[in-house]
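File shown: protein29.cif (mmCIF, C-alpha atoms and all ligand atoms).
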data_coords
#
loop_
_atom_site.label_atom_id
_atom_site.label_comp_id
_atom_site.auth_asym_id
_atom_site.auth_seq_id
_atom_site.Cartn_x
_atom_site.Cartn_y
_atom_site.Cartn_z
CA SER T 1 8.14 75.71 65.57
CA GLY T 2 6.11 77.72 63.15
CA GLY T 3 7.85 75.80 60.34
CA VAL T 4 7.04 76.76 56.82
CA PHE T 5 5.37 80.07 57.81
CA TYR T 6 8.79 81.56 58.62
CA GLU T 7 10.34 80.28 55.39
CA ARG T 8 8.11 82.53 53.28
CA TYR T 9 7.82 86.26 52.56
CA HIS T 10 4.59 87.78 53.84
CA SER T 11 2.34 90.61 52.69
CA LEU T 12 1.95 93.67 54.89
CA GLU T 13 -1.54 92.52 55.92
CA ASP T 14 -0.18 89.09 56.91
CA ILE T 15 2.55 90.76 58.98
CA TYR T 16 0.04 92.95 60.83
CA TYR T 17 -2.06 89.81 61.50
CA TRP T 18 1.09 87.98 62.69
CA ILE T 19 1.97 90.84 65.11
CA ASN T 20 -1.44 90.63 66.75
CA LYS T 21 -1.46 86.82 66.83
CA THR T 22 2.01 86.73 68.36
CA LYS T 23 0.85 89.06 71.14
CA GLN T 24 -2.25 86.92 71.75
CA ASP T 25 -0.36 83.61 71.74
CA HIS T 26 2.47 84.86 74.02
CA SER T 27 0.87 87.47 76.26
CA ASP T 28 3.35 86.57 79.04
CA MET T 29 6.41 87.62 77.00
CA VAL T 30 5.09 89.96 74.28
CA LYS T 31 3.70 93.48 74.35
CA VAL T 32 2.78 95.56 71.29
CA ILE T 33 3.66 99.27 71.35
CA LEU T 34 2.30 101.73 68.76
CA ILE T 35 5.20 104.16 68.23
CA GLY T 36 3.71 106.23 65.41
CA SER T 37 2.35 106.01 61.88
CA SER T 38 3.65 106.14 58.32
CA SER T 39 3.05 108.95 55.84
CA GLU T 40 0.04 106.97 54.52
CA LYS T 41 -1.17 106.58 58.14
CA ARG T 42 -0.32 102.90 58.60
CA PRO T 43 0.57 101.97 62.21
CA LEU T 44 4.20 101.39 63.26
CA TYR T 45 4.00 98.56 65.80
CA VAL T 46 6.97 97.56 67.96
CA LEU T 47 6.95 94.11 69.57
CA LYS T 48 8.52 94.14 73.05
CA LEU T 49 9.92 90.74 74.02
CA SER T 50 10.64 90.19 77.72
CA GLY T 51 11.98 87.18 79.63
CA ARG T 52 9.91 85.89 82.51
CA ARG T 53 12.25 87.44 85.08
CA ASP T 54 11.42 90.58 87.05
CA GLU T 55 11.82 93.96 85.38
CA VAL T 56 15.20 94.18 83.61
CA LYS T 57 16.61 97.64 83.25
CA ARG T 58 18.09 97.41 79.74
CA ALA T 59 17.01 96.71 76.22
CA MET T 60 18.10 96.27 72.62
CA TRP T 61 16.41 97.50 69.43
CA ILE T 62 16.08 95.79 66.04
CA ASP T 63 14.44 97.48 63.06
CA CYS T 64 13.68 95.71 59.78
CA GLY T 65 12.13 96.91 56.54
CA ILE T 66 13.43 100.51 56.60
CA HIS T 67 14.06 99.90 52.88
CA ALA T 68 10.99 98.50 51.15
CA ARG T 69 12.61 96.11 48.62
CA GLU T 70 14.83 94.38 51.21
CA TRP T 71 12.27 91.65 52.02
CA ILE T 72 14.72 89.41 53.84
CA ALA T 73 14.89 92.02 56.61
CA PRO T 74 11.27 91.77 57.86
CA ALA T 75 11.60 88.00 57.33
CA PHE T 76 14.53 88.07 59.78
CA CYS T 77 12.64 90.11 62.39
CA MET T 78 9.82 87.55 62.26
CA TRP T 79 12.36 84.68 62.35
CA PHE T 80 14.02 86.24 65.43
CA VAL T 81 10.72 86.68 67.30
CA ASN T 82 9.66 83.11 66.56
CA TYR T 83 13.07 81.75 67.62
CA ALA T 84 13.20 83.81 70.83
CA LEU T 85 9.71 82.73 71.90
CA ALA T 86 10.24 79.09 70.92
CA PHE T 87 13.69 78.63 72.50
CA TYR T 88 13.61 80.91 75.57
CA ASN T 89 14.61 78.68 78.56
CA GLN T 90 15.91 76.05 76.12
CA ASN T 91 18.74 77.75 74.19
CA THR T 92 21.28 79.21 76.61
CA GLU T 93 22.19 82.24 74.48
CA ILE T 94 18.68 83.52 73.81
CA THR T 95 17.75 82.84 77.45
CA GLU T 96 20.75 84.85 78.63
CA ILE T 97 19.82 87.68 76.26
CA LEU T 98 16.16 87.89 77.28
CA ASN T 99 17.02 87.60 80.98
CA ASN T 100 19.25 90.65 80.68
CA MET T 101 17.69 92.77 77.95
CA ASP T 102 14.20 93.36 76.66
CA VAL T 103 14.12 93.31 72.85
CA TYR T 104 12.17 95.96 70.92
CA ILE T 105 11.46 94.79 67.38
CA LEU T 106 10.06 97.04 64.63
CA THR T 107 9.25 94.40 62.01
CA VAL T 108 8.37 96.84 59.19
CA MET T 109 9.71 100.37 59.63
CA ASN T 110 8.49 101.44 56.18
CA PRO T 111 5.05 99.80 55.72
CA ASP T 112 3.95 102.10 52.85
CA GLY T 113 7.06 101.26 50.84
CA TYR T 114 6.79 97.57 51.66
CA LYS T 115 3.17 97.49 50.48
CA TYR T 116 4.23 99.34 47.31
CA THR T 117 6.79 96.62 46.50
CA TRP T 118 3.97 94.02 46.69
CA THR T 119 1.53 95.98 44.53
CA THR T 120 3.44 98.24 42.17
CA ASP T 121 7.26 98.32 42.10
CA ARG T 122 9.26 95.43 43.59
CA MET T 123 12.44 97.52 43.49
CA TRP T 124 11.14 100.51 45.50
CA ARG T 125 13.47 101.59 48.36
CA LYS T 126 12.13 104.79 49.96
CA ASN T 127 8.95 105.59 51.91
CA ARG T 128 5.93 106.93 49.99
CA SER T 129 5.62 110.50 51.25
CA SER T 130 4.80 113.16 48.66
CA ASN T 131 7.38 115.83 47.93
CA LYS T 132 6.35 119.42 47.29
CA ASP T 133 7.44 120.86 43.91
CA SER T 134 8.08 117.35 42.60
CA ASP T 135 6.15 114.49 40.99
CA CYS T 136 8.51 112.07 42.67
CA PHE T 137 7.56 110.26 45.88
CA GLY T 138 9.48 109.15 48.92
CA ALA T 139 12.55 109.86 50.98
CA ASP T 140 15.29 107.39 51.87
CA LEU T 141 14.64 106.84 55.59
CA ASN T 142 18.28 105.78 56.00
CA ARG T 143 19.41 109.25 54.86
CA ASN T 144 16.76 111.14 56.87
CA PHE T 145 18.27 110.91 60.36
CA ASP T 146 20.17 113.84 61.89
CA ALA T 147 23.76 112.72 61.31
CA ASN T 148 25.69 114.85 58.79
CA TRP T 149 22.33 115.07 57.07
CA CYS T 150 22.31 115.33 53.27
CA THR T 151 26.05 115.54 52.83
CA LYS T 152 28.04 113.36 50.35
CA GLY T 153 26.38 109.97 49.89
CA ALA T 154 22.82 111.31 49.87
CA SER T 155 20.85 113.27 47.28
CA ASP T 156 18.73 116.41 47.61
CA ASN T 157 16.74 115.39 44.52
CA PRO T 158 13.31 113.91 45.47
CA CYS T 159 13.50 111.65 42.41
CA ASP T 160 16.68 109.91 43.59
CA PRO T 161 16.61 106.66 45.62
CA THR T 162 18.86 108.23 48.28
CA TYR T 163 16.83 111.44 48.66
CA CYS T 164 17.51 112.78 52.16
CA GLY T 165 14.06 114.32 52.74
CA GLN T 166 13.15 117.99 53.24
CA PHE T 167 15.01 118.21 56.59
CA PRO T 168 16.38 115.83 59.25
CA GLU T 169 13.54 113.69 60.65
CA SER T 170 11.15 115.15 58.06
CA GLU T 171 9.57 111.70 57.63
CA PRO T 172 7.00 110.33 60.10
CA GLU T 173 8.72 106.94 60.17
CA THR T 174 12.04 108.54 61.12
CA GLN T 175 10.28 110.71 63.72
CA ALA T 176 8.63 107.68 65.31
CA VAL T 177 11.90 105.74 65.71
CA ALA T 178 13.94 108.73 66.91
CA ARG T 179 11.20 109.70 69.38
CA PHE T 180 10.96 106.16 70.78
CA LEU T 181 14.73 105.84 71.21
CA ARG T 182 14.92 109.28 72.85
CA SER T 183 12.23 108.26 75.33
CA HIS T 184 14.16 105.04 76.10
CA LYS T 185 17.60 106.70 76.23
CA ASP T 186 18.64 105.13 79.53
CA THR T 187 17.58 101.56 78.74
CA VAL T 188 18.41 100.88 75.06
CA LYS T 189 22.07 99.79 74.94
CA LEU T 190 22.21 98.13 71.49
CA TYR T 191 20.84 99.27 68.11
CA LEU T 192 20.55 96.93 65.10
CA SER T 193 19.20 97.96 61.67
CA ILE T 194 18.60 95.09 59.24
CA HIS T 195 19.04 95.51 55.49
CA SER T 196 20.02 93.62 52.36
CA TYR T 197 22.04 92.79 50.33
CA SER T 198 25.84 92.25 50.20
CA GLN T 199 26.55 90.29 53.39
CA MET T 200 28.18 92.87 55.66
CA LEU T 201 28.27 93.66 59.39
CA LEU T 202 28.74 97.42 59.68
CA PHE T 203 29.14 99.95 62.46
CA PRO T 204 29.57 103.77 62.59
CA TYR T 205 30.46 105.92 60.94
CA SER T 206 29.02 105.77 57.47
CA CYS T 207 28.40 109.51 57.40
CA SER T 208 32.14 110.25 57.52
CA TYR T 209 35.55 108.52 57.54
CA ASP T 210 36.08 109.52 61.17
CA GLU T 211 36.83 106.64 63.54
CA ILE T 212 34.55 106.25 66.58
CA PRO T 213 36.17 106.05 70.05
CA ASN T 214 35.20 102.38 70.54
CA HIS T 215 36.13 101.42 66.96
CA ASN T 216 38.49 98.61 68.02
CA GLU T 217 35.90 97.05 70.31
CA LEU T 218 33.14 97.03 67.67
CA PHE T 219 35.60 95.82 65.02
CA GLU T 220 36.54 92.81 67.18
CA VAL T 221 32.85 92.00 67.78
CA VAL T 222 31.85 91.97 64.09
CA LYS T 223 35.08 90.14 63.23
CA GLU T 224 34.09 87.38 65.69
CA ALA T 225 30.59 87.27 64.23
CA SER T 226 31.94 87.01 60.69
CA THR T 227 34.36 84.27 61.72
CA LYS T 228 31.58 82.24 63.37
CA ILE T 229 29.29 82.64 60.35
CA ARG T 230 32.07 81.34 58.12
CA ARG T 231 32.70 78.42 60.47
CA TYR T 232 29.09 77.35 61.02
CA TYR T 233 27.45 78.37 57.74
CA ARG T 234 30.40 78.48 55.36
CA ASN T 235 29.40 81.96 54.21
CA ASN T 236 31.40 85.17 54.04
CA TYR T 237 30.42 88.52 55.58
CA LYS T 238 32.59 91.59 55.28
CA TYR T 239 32.78 93.78 58.38
CA GLY T 240 33.95 97.20 59.53
CA PRO T 241 32.96 100.88 59.64
CA GLY T 242 30.34 101.71 57.04
CA ALA T 243 32.06 104.50 55.12
CA LYS T 244 35.12 102.40 54.35
CA THR T 245 33.46 98.97 54.13
CA ILE T 246 30.48 99.83 51.88
CA TYR T 247 30.22 103.56 50.97
CA LEU T 248 29.67 107.05 52.43
CA ALA T 249 26.05 107.21 53.61
CA PRO T 250 25.03 110.23 55.75
CA GLY T 251 21.81 110.57 57.71
CA GLY T 252 21.78 106.91 58.74
CA SER T 253 19.86 105.51 61.70
CA ASP T 254 22.92 103.72 63.11
CA ASP T 255 25.13 106.84 63.07
CA TRP T 256 22.36 108.89 64.69
CA ALA T 257 21.76 106.23 67.36
CA TYR T 258 25.50 106.10 68.06
CA ASN T 259 25.84 109.89 68.43
CA PHE T 260 22.69 109.90 70.54
CA GLY T 261 24.48 107.62 73.02
CA ILE T 262 23.82 104.02 71.96
CA LYS T 263 27.50 103.04 71.73
CA TYR T 264 26.69 99.59 70.33
CA SER T 265 25.11 100.38 66.98
CA PHE T 266 25.22 98.16 63.86
CA THR T 267 23.77 97.79 60.37
CA PHE T 268 23.52 94.29 58.89
CA GLU T 269 23.46 93.74 55.14
CA LEU T 270 22.04 90.22 54.79
CA GLN T 271 22.25 87.75 51.87
CA ASP T 272 23.19 87.55 49.16
CA ARG T 273 26.12 89.11 47.33
CA GLY T 274 24.25 89.97 44.15
CA ARG T 275 23.23 86.77 42.37
CA TYR T 276 19.57 87.36 43.37
CA GLY T 277 20.13 90.59 45.32
CA PHE T 278 16.89 91.99 46.73
CA LEU T 279 14.98 89.14 45.03
CA LEU T 280 16.45 86.50 47.35
CA PRO T 281 14.33 83.35 46.84
CA PRO T 282 12.33 82.09 49.88
CA SER T 283 14.45 78.91 49.94
CA PHE T 284 17.36 81.08 51.15
CA ILE T 285 15.39 82.56 54.10
CA PRO T 286 16.40 79.95 56.73
CA GLN T 287 20.14 80.21 56.17
CA ALA T 288 20.11 84.00 55.72
CA CYS T 289 18.14 84.37 58.96
CA ASN T 290 20.30 81.89 60.88
CA GLU T 291 23.42 83.80 59.84
CA ALA T 292 21.84 87.06 61.06
CA LEU T 293 20.64 85.34 64.26
CA LEU T 294 24.17 84.14 65.02
CA ALA T 295 25.58 87.65 64.55
CA THR T 296 22.80 89.12 66.70
CA LYS T 297 23.52 86.63 69.52
CA ILE T 298 27.27 87.31 69.48
CA ILE T 299 26.77 91.08 69.57
CA ALA T 300 24.02 90.99 72.21
CA LEU T 301 26.03 88.68 74.51
CA HIS T 302 29.05 90.99 74.16
CA VAL T 303 26.93 94.01 75.15
CA ILE T 304 25.50 92.15 78.16
CA LYS T 305 29.05 91.32 79.36
CA LYS T 306 29.95 95.01 79.14
CA LEU T 307 26.85 96.28 80.96
N1 LIG T 401 23.83 103.96 58.03
C1 LIG T 401 24.45 103.53 56.79
C2 LIG T 401 25.01 102.12 56.88
C3 LIG T 401 25.72 101.77 55.61
C4 LIG T 401 24.82 101.79 54.38
C5 LIG T 401 23.67 100.81 54.53
C6 LIG T 401 22.88 100.67 53.22
C7 LIG T 401 21.80 99.67 53.43
SE1 LIG T 401 20.75 99.37 51.85
C8 LIG T 401 22.27 102.01 52.79
O1 LIG T 401 21.50 102.58 53.59
O2 LIG T 401 22.60 102.46 51.71
ZN ZN T 402 18.81 99.04 53.02
ZN ZN T 403 21.61 97.39 51.31
#

Let me see the file written as C-alpha cells.
Ligand SMILES: NCCCCC[C@@H](C[SeH])C(=O)O
Ligand SMILES: [Zn+2]
Ligand SMILES: [Zn+2]
Amino acid sequence: SGGVFYERYHSLEDIYYWINKTKQDHSDMVKVILIGSSSEKRPLYVLKLSGRRDEVKRAMWIDCGIHAREWIAPAFCMWFVNYALAFYNQNTEITEILNNMDVYILTVMNPDGYKYTWTTDRMWRKNRSSNKDSDCFGADLNRNFDANWCTKGASDNPCDPTYCGQFPESEPETQAVARFLRSHKDTVKLYLSIHSYSQMLLFPYSCSYDEIPNHNELFEVVKEASTKIRRYYRNNYKYGPGAKTIYLAPGGSDDWAYNFGIKYSFTFELQDRGRYGFLLPPSFIPQACNEALLATKIIALHVIKKL
C-alpha cells in the first residue's frame, strides 16, 4: 500500500508531514517521540512502532539520513515503516519482529543537512552547525560519537567532509541520539544506521582494526544476509567489520552503540556501487529498499532468537 509515494524522494517538509500523518493513521501502533533538535532548531522525531501485543521489553533502533546526501536512507526508513504497518499480522517475519521488539525509527537524523541538499548543495554530507574560527559549516555526525574520537579516518579541519566536531557529542543531533539510547539502555538490543552508497553490511569496529568479541557471530549474520540478497535480488553486498571492509572511520554511531552495550550494531551502505552513487534514481528505490528490508529482517530475527 502507499504505492508510488514510497517510490519517490521527499522534501524535508513532506517527511515531517508524513511522520504526523503516519501517527494519525496508525495511532494503535505508532507513537512519535521528540528526542531533540538540530543545530538550526528543527525537531528530531522518532517513530515508535509497536505490535498489538502487551508491553514488550525490548526494542531495535534504525536511524536514516545521518549523512545529508544519502537520500536512499530516509527513503528506506519510510519504506520500512510503511511495510511494517501494512504487513503486520500478514507477513510472518515482520509480525515476529514487532511482537518481540518495538522499533524506534529516526527517519532524518540530520534534517538541516538534508534540507541543504534540496536547496543548495546536493552533495552536502555533514550537519549545518557553525564552527568558531572558521567560515566552514558542519561536522560529520558519523565522526562525532565518542569512539576513538578524531583519530585516523576523521579530520580536525572544519572545512573537511569528515570533520569530527569540536569534541565528542559536540553536535545536537549526536547528543539527541546518544541521550535517547542511554535512556533506553536496557531495552534497545539492536542498532542499525542506514547510509549509501557501495552496497555493504558492516559491523564494528570501524574506529580500529581490533576484532570485537562476537565478531564471528555478527560475521555469520551479515554473510547470511548478503547470501539471501544475492539469491532473491541478484545483487552483491560486501560484508564484514568496517575498518577492513570499507575504511578506518572513528567516532561512528555504530562503534559507540556497540561499546555502550548494544552488541548487535550494524551500518548498511545501500545501493549502488558508484554508477549513480548518492544520486540513485527514484526507479531504484524499491529494489534498494527491499534489499535493505531483507537484511534488516534477517538481523532482527537473529537477535530475537538470541534474546
Ligand atoms: N561507523 C563507520 C561505519 C563505516 C563507514 C560508514 C560510512 C558511511 Se557514508 C562513513 O561514515 O564514512
Ligand atoms: Zn553515510
Ligand atoms: Zn557511505

Hey, which residues sit close to ligand ZN 402 (chain T)? Say within 12 Å, counting all atoms listed in the file, and write them as a PDB file with C-alpha atoms, in the coordinates of the input.
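out.pdb was written with the following content:
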ATOM      1  CA  ASP T  63      14.440  97.480  63.060  1.00  0.00           C
ATOM      2  CA  CYS T  64      13.680  95.710  59.780  1.00  0.00           C
ATOM      3  CA  GLY T  65      12.130  96.910  56.540  1.00  0.00           C
ATOM      4  CA  ILE T  66      13.430 100.510  56.600  1.00  0.00           C
ATOM      5  CA  HIS T  67      14.060  99.900  52.880  1.00  0.00           C
ATOM      6  CA  ALA T  68      10.990  98.500  51.150  1.00  0.00           C
ATOM      7  CA  ARG T  69      12.610  96.110  48.620  1.00  0.00           C
ATOM      8  CA  GLU T  70      14.830  94.380  51.210  1.00  0.00           C
ATOM      9  CA  TRP T  71      12.270  91.650  52.020  1.00  0.00           C
ATOM     10  CA  ILE T  72      14.720  89.410  53.840  1.00  0.00           C
ATOM     11  CA  ALA T  73      14.890  92.020  56.610  1.00  0.00           C
ATOM     12  CA  PRO T  74      11.270  91.770  57.860  1.00  0.00           C
ATOM     13  CA  MET T 109       9.710 100.370  59.630  1.00  0.00           C
ATOM     14  CA  ASN T 110       8.490 101.440  56.180  1.00  0.00           C
ATOM     15  CA  MET T 123      12.440  97.520  43.490  1.00  0.00           C
ATOM     16  CA  TRP T 124      11.140 100.510  45.500  1.00  0.00           C
ATOM     17  CA  ARG T 125      13.470 101.590  48.360  1.00  0.00           C
ATOM     18  CA  LYS T 126      12.130 104.790  49.960  1.00  0.00           C
ATOM     19  CA  ASN T 127       8.950 105.590  51.910  1.00  0.00           C
ATOM     20  CA  ASP T 140      15.290 107.390  51.870  1.00  0.00           C
ATOM     21  CA  LEU T 141      14.640 106.840  55.590  1.00  0.00           C
ATOM     22  CA  ASN T 142      18.280 105.780  56.000  1.00  0.00           C
ATOM     23  CA  ARG T 143      19.410 109.250  54.860  1.00  0.00           C
ATOM     24  CA  PRO T 161      16.610 106.660  45.620  1.00  0.00           C
ATOM     25  CA  THR T 162      18.860 108.230  48.280  1.00  0.00           C
ATOM     26  CA  SER T 193      19.200  97.960  61.670  1.00  0.00           C
ATOM     27  CA  ILE T 194      18.600  95.090  59.240  1.00  0.00           C
ATOM     28  CA  HIS T 195      19.040  95.510  55.490  1.00  0.00           C
ATOM     29  CA  SER T 196      20.020  93.620  52.360  1.00  0.00           C
ATOM     30  CA  TYR T 197      22.040  92.790  50.330  1.00  0.00           C
ATOM     31  CA  SER T 198      25.840  92.250  50.200  1.00  0.00           C
ATOM     32  CA  GLN T 199      26.550  90.290  53.390  1.00  0.00           C
ATOM     33  CA  MET T 200      28.180  92.870  55.660  1.00  0.00           C
ATOM     34  CA  ILE T 246      30.480  99.830  51.880  1.00  0.00           C
ATOM     35  CA  ALA T 249      26.050 107.210  53.610  1.00  0.00           C
ATOM     36  CA  GLY T 252      21.780 106.910  58.740  1.00  0.00           C
ATOM     37  CA  SER T 253      19.860 105.510  61.700  1.00  0.00           C
ATOM     38  CA  ASP T 254      22.920 103.720  63.110  1.00  0.00           C
ATOM     39  CA  THR T 267      23.770  97.790  60.370  1.00  0.00           C
ATOM     40  CA  PHE T 268      23.520  94.290  58.890  1.00  0.00           C
ATOM     41  CA  GLU T 269      23.460  93.740  55.140  1.00  0.00           C
ATOM     42  CA  LEU T 270      22.040  90.220  54.790  1.00  0.00           C
ATOM     43  CA  GLN T 271      22.250  87.750  51.870  1.00  0.00           C
ATOM     44  CA  GLY T 277      20.130  90.590  45.320  1.00  0.00           C
ATOM     45  CA  PHE T 278      16.890  91.990  46.730  1.00  0.00           C
TER      46      PHE T 278
END

Item to check | Counting only C-alpha atoms, the residue of T:Tyr6, T:Tyr258, T:Tyr45, T:Tyr163 that sits nearest Tyr83 in chain T | outcome: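 The shortest atom-to-atom distance to Tyr83 in chain T comes from T:Tyr6.
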
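Excluding Phe260 in chain T and any residue on its chain fewer than 4 positions from it, the residues at most 9 Å away by all atoms listed in the file are T:Leu181, T:Arg182, T:Lys185, T:Asp255, T:Trp256.
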
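With distances restricted to only C-alpha atoms, T:Gly51 is the closest residue to Glu96 in chain T from T:Ala295, T:Gly51, T:Asp133, T:Phe284.
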
Checklist entry - Using only C-alpha atoms, which of the listed residues (T:Ile304, T:Met78, T:Ile94, T:Leu279) sits closest to Lys189 in chain T? => result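 Of all the options, T:Ile304 lies closest to Lys189 in chain T.
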
Report, as lines of an AutoDock Vina configuration file, the centre and edge lengths in Å (one decimal) of the axis-aligned box enclosing every listed atom of range 145-156 of chain T, padded by 5 Å on each side.
center_x = 23.2
center_y = 113.2
center_z = 54.6
size_x = 19.8
size_y = 16.4
size_z = 24.6

Some atoms are missing, so please complete range 276-285 of chain T with all heavy atoms and return it as a CSV table (one decimal), in the coordinates of the input.
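Just written: result-v3.csv:
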chain,number,residue,atom,x,y,z
T,276,TYR,N,21.0,87.0,43.4
T,276,TYR,CA,19.6,87.4,43.4
T,276,TYR,C,19.3,88.8,43.9
T,276,TYR,O,18.3,89.4,43.7
T,276,TYR,CB,18.8,86.3,44.2
T,276,TYR,CG,18.8,84.9,43.6
T,276,TYR,CD1,19.7,84.0,44.2
T,276,TYR,CD2,18.0,84.6,42.5
T,276,TYR,CE1,19.7,82.7,43.6
T,276,TYR,CE2,18.1,83.3,42.0
T,276,TYR,CZ,18.9,82.4,42.6
T,276,TYR,OH,19.0,81.1,42.0
T,277,GLY,N,20.3,89.3,44.8
T,277,GLY,CA,20.1,90.6,45.3
T,277,GLY,C,18.9,90.7,46.2
T,277,GLY,O,18.6,89.9,47.1
T,278,PHE,N,18.1,91.7,45.9
T,278,PHE,CA,16.9,92.0,46.7
T,278,PHE,C,15.8,90.9,46.5
T,278,PHE,O,14.9,90.7,47.3
T,278,PHE,CB,16.3,93.4,46.4
T,278,PHE,CG,17.3,94.5,46.6
T,278,PHE,CD1,17.7,95.2,45.5
T,278,PHE,CD2,17.8,94.8,47.8
T,278,PHE,CE1,18.6,96.3,45.6
T,278,PHE,CE2,18.7,95.8,48.0
T,278,PHE,CZ,19.1,96.6,46.9
T,279,LEU,N,16.0,90.2,45.4
T,279,LEU,CA,15.0,89.1,45.0
T,279,LEU,C,15.4,87.8,45.6
T,279,LEU,O,15.2,86.8,44.9
T,279,LEU,CB,14.8,89.1,43.5
T,279,LEU,CG,14.6,90.4,42.8
T,279,LEU,CD1,14.3,90.2,41.3
T,279,LEU,CD2,13.4,91.2,43.5
T,280,LEU,N,16.0,87.7,46.8
T,280,LEU,CA,16.4,86.5,47.4
T,280,LEU,C,15.3,85.5,47.4
T,280,LEU,O,14.3,85.8,48.0
T,280,LEU,CB,17.0,86.8,48.8
T,280,LEU,CG,17.8,85.7,49.4
T,280,LEU,CD1,19.1,85.5,48.8
T,280,LEU,CD2,17.9,86.0,50.9
T,281,PRO,N,15.4,84.3,46.8
T,281,PRO,CA,14.3,83.4,46.8
T,281,PRO,C,14.0,82.9,48.3
T,281,PRO,O,14.9,82.8,49.1
T,281,PRO,CB,14.9,82.2,46.0
T,281,PRO,CG,16.0,82.8,45.2
T,281,PRO,CD,16.6,83.9,46.0
T,282,PRO,N,12.7,82.5,48.5
T,282,PRO,CA,12.3,82.1,49.9
T,282,PRO,C,13.2,80.9,50.4
T,282,PRO,O,13.4,80.8,51.6
T,282,PRO,CB,10.9,81.7,49.7
T,282,PRO,CG,10.4,82.4,48.5
T,282,PRO,CD,11.6,82.6,47.6
T,283,SER,N,13.7,80.1,49.5
T,283,SER,CA,14.4,78.9,49.9
T,283,SER,C,15.7,79.3,50.7
T,283,SER,O,16.3,78.5,51.4
T,283,SER,CB,14.8,78.0,48.7
T,283,SER,OG,15.5,78.8,47.8
T,284,PHE,N,16.1,80.6,50.5
T,284,PHE,CA,17.4,81.1,51.2
T,284,PHE,C,17.0,81.7,52.5
T,284,PHE,O,18.0,82.0,53.3
T,284,PHE,CB,18.1,82.1,50.3
T,284,PHE,CG,18.7,81.6,49.0
T,284,PHE,CD1,17.9,81.2,48.0
T,284,PHE,CD2,20.1,81.4,49.0
T,284,PHE,CE1,18.5,80.7,46.8
T,284,PHE,CE2,20.7,80.9,47.8
T,284,PHE,CZ,19.9,80.5,46.7
T,285,ILE,N,15.8,81.9,52.9
T,285,ILE,CA,15.4,82.6,54.1
T,285,ILE,C,16.0,81.9,55.3
T,285,ILE,O,16.6,82.6,56.2
T,285,ILE,CB,13.9,82.7,54.2
T,285,ILE,CG1,13.3,83.7,53.2
T,285,ILE,CG2,13.5,83.2,55.6
T,285,ILE,CD1,11.8,83.8,53.1
